[in-house]
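Everything below concerns the one structure shown next.
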Amino acid sequence: MIETGIKGHKEQIVTPEMSAARVGSGLVDVFATPMLVALVEQTCYESVLPHLDEGQGTVGTLVNVSHTSATPIGMRVWCESELVEVDRRRLVFEVKAYDEYGPIGSGVHERFLIDTGRFMERLEAKK
């Protein structure tokens, strides 16, 4: 059973492939907001992974994150997460992101627990 209080941490170096200009979210070579969102999702997902039962997974369903400071290529960024609410299958995380100079974003991310097999069956039925 997953309980509140689980914390996550993930860091990476910003590469040119993660830039706004490269991913199509802007024209400048800075850490792209979609890449910040991906970092948030990875941090949260990986934090609960050891607590899942066999056959379980999670899917992201909501991201409400402010990206408040630009980060240049080559700088280290990281995300810290904390699971603050468990409502049956809904998991709510508070997230904060940083670079080497300080905060770059914060917000809330929600994920839902899924039975991976059943999820894939329903997905196949959509085809």
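Ordered as shown in the structure tokens, chains take letters A, B, and onward, while each chain numbers its residues from 1 and ligands are numbered from 1 in the order shown.
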
Which polymer residues have any atom within 8 Å of an atom of His51 of chain A, counting only C-alpha atoms, with same-chain residues fewer than 2 positions away left out, as a list in words? Met1, Ile2, Val48, Leu49 and Asp53 of chain A

Please extract the residues of chain A with a backbone DSSP assignment of strand (DSSP E) and present them as a compact mmCIF listing (two decimals) with C-alpha atoms, in the first residue's frame.
# COMPACT_ATOMS: atom_id res chain seq x y z
CA LYS A 7 10.00 11.52 -1.41
CA GLY A 8 11.74 11.55 -4.75
CA HIS A 9 14.84 13.19 -6.19
CA LYS A 10 16.12 13.15 -9.75
CA GLU A 11 18.81 15.24 -11.37
CA GLN A 12 20.27 15.68 -14.81
CA ILE A 13 22.50 17.94 -16.85
CA GLN A 56 0.88 -2.12 -11.12
CA GLY A 57 2.04 1.09 -12.74
CA THR A 58 1.13 4.75 -12.68
CA VAL A 59 0.11 7.22 -15.34
CA GLY A 60 0.35 10.99 -15.18
CA THR A 61 -3.00 12.77 -15.33
CA LEU A 62 -2.33 16.36 -14.24
CA VAL A 63 0.66 18.68 -14.22
CA ASN A 64 0.32 22.16 -12.74
CA VAL A 65 3.87 23.49 -12.62
CA SER A 66 5.23 27.01 -12.87
CA HIS A 67 8.57 27.36 -14.68
CA ARG A 76 22.60 20.69 -13.51
CA VAL A 77 18.87 20.66 -12.71
CA TRP A 78 16.95 18.54 -10.24
CA CYS A 79 13.47 17.89 -9.00
CA GLU A 80 12.31 17.00 -5.51
CA SER A 81 8.89 15.47 -4.95
CA GLU A 82 6.77 14.46 -2.01
CA LEU A 83 3.63 12.36 -2.11
CA VAL A 84 1.17 14.47 -0.12
CA GLU A 85 -2.16 12.79 -0.80
CA VAL A 86 -3.41 9.30 -1.62
CA ASP A 87 -7.08 9.12 -2.59
CA ARG A 90 -5.05 9.03 -7.18
CA LEU A 91 -1.59 10.11 -6.04
CA VAL A 92 -0.88 13.82 -5.50
CA PHE A 93 2.69 15.11 -5.38
CA GLU A 94 4.14 18.48 -4.46
CA VAL A 95 7.16 19.19 -6.63
CA LYS A 96 10.02 21.69 -6.60
CA ALA A 97 12.70 22.09 -9.25
CA TYR A 98 16.10 23.73 -8.97
CA ASP A 99 19.24 24.53 -10.90
CA GLY A 102 18.22 28.24 -7.04
CA PRO A 103 14.55 27.46 -7.62
CA ILE A 104 13.32 27.18 -11.23
CA GLY A 105 9.82 25.82 -10.72
CA SER A 106 7.22 24.30 -8.43
CA GLY A 107 3.74 22.91 -8.43
CA VAL A 108 1.56 19.82 -8.21
CA HIS A 109 1.55 16.59 -10.19
CA GLU A 110 -1.11 13.86 -10.07
CA ARG A 111 -0.73 10.24 -11.11
CA PHE A 112 -3.17 7.33 -11.03
CA LEU A 113 -2.38 3.77 -10.04
CA ILE A 114 -3.19 1.32 -12.83
CA ASP A 115 -3.27 -2.39 -13.41

As a list in words, list the residues of segment 16-109 of chain A assigned to alpha helix (DSSP H) by DSSP on the backbone atoms of this structure.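 Answer for segment 16-109 of chain A restricted to alpha helix (DSSP H) is Ala20, Ala21, Arg22, Val23, Thr33, Pro34, Met35, Leu36, Val37, Ala38, Leu39, Val40, Glu41, Gln42, Thr43, Cys44, Tyr45, Glu46, Ser47 and Val48 of chain A.
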
Of the candidates A:Ser47, A:Thr71, A:Thr116, A:Ser19, which shows the shortest atom-to-atom distance to Gly5 of chain A, using only C-alpha atoms?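 Looking only at the distances to Gly5 of chain A, the closest residue turns out to be A:Ser47.
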
Pick the closest to Gly74 of chain A from A:Thr4, A:Ser25, A:Gln42, A:Thr15: which is it, counting only C-alpha atoms?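 Among the listed residues, A:Thr15 lies closest to Gly74 of chain A.
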
Would you mind telling me which residue in A:Met120, A:Arg89, A:Glu41, A:Ala70 lies nearest to Tyr101 of chain A when using only C-alpha atoms?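 Between A:Met120, A:Arg89, A:Glu41, A:Ala70, the residue approaching Tyr101 of chain A most closely is A:Ala70.
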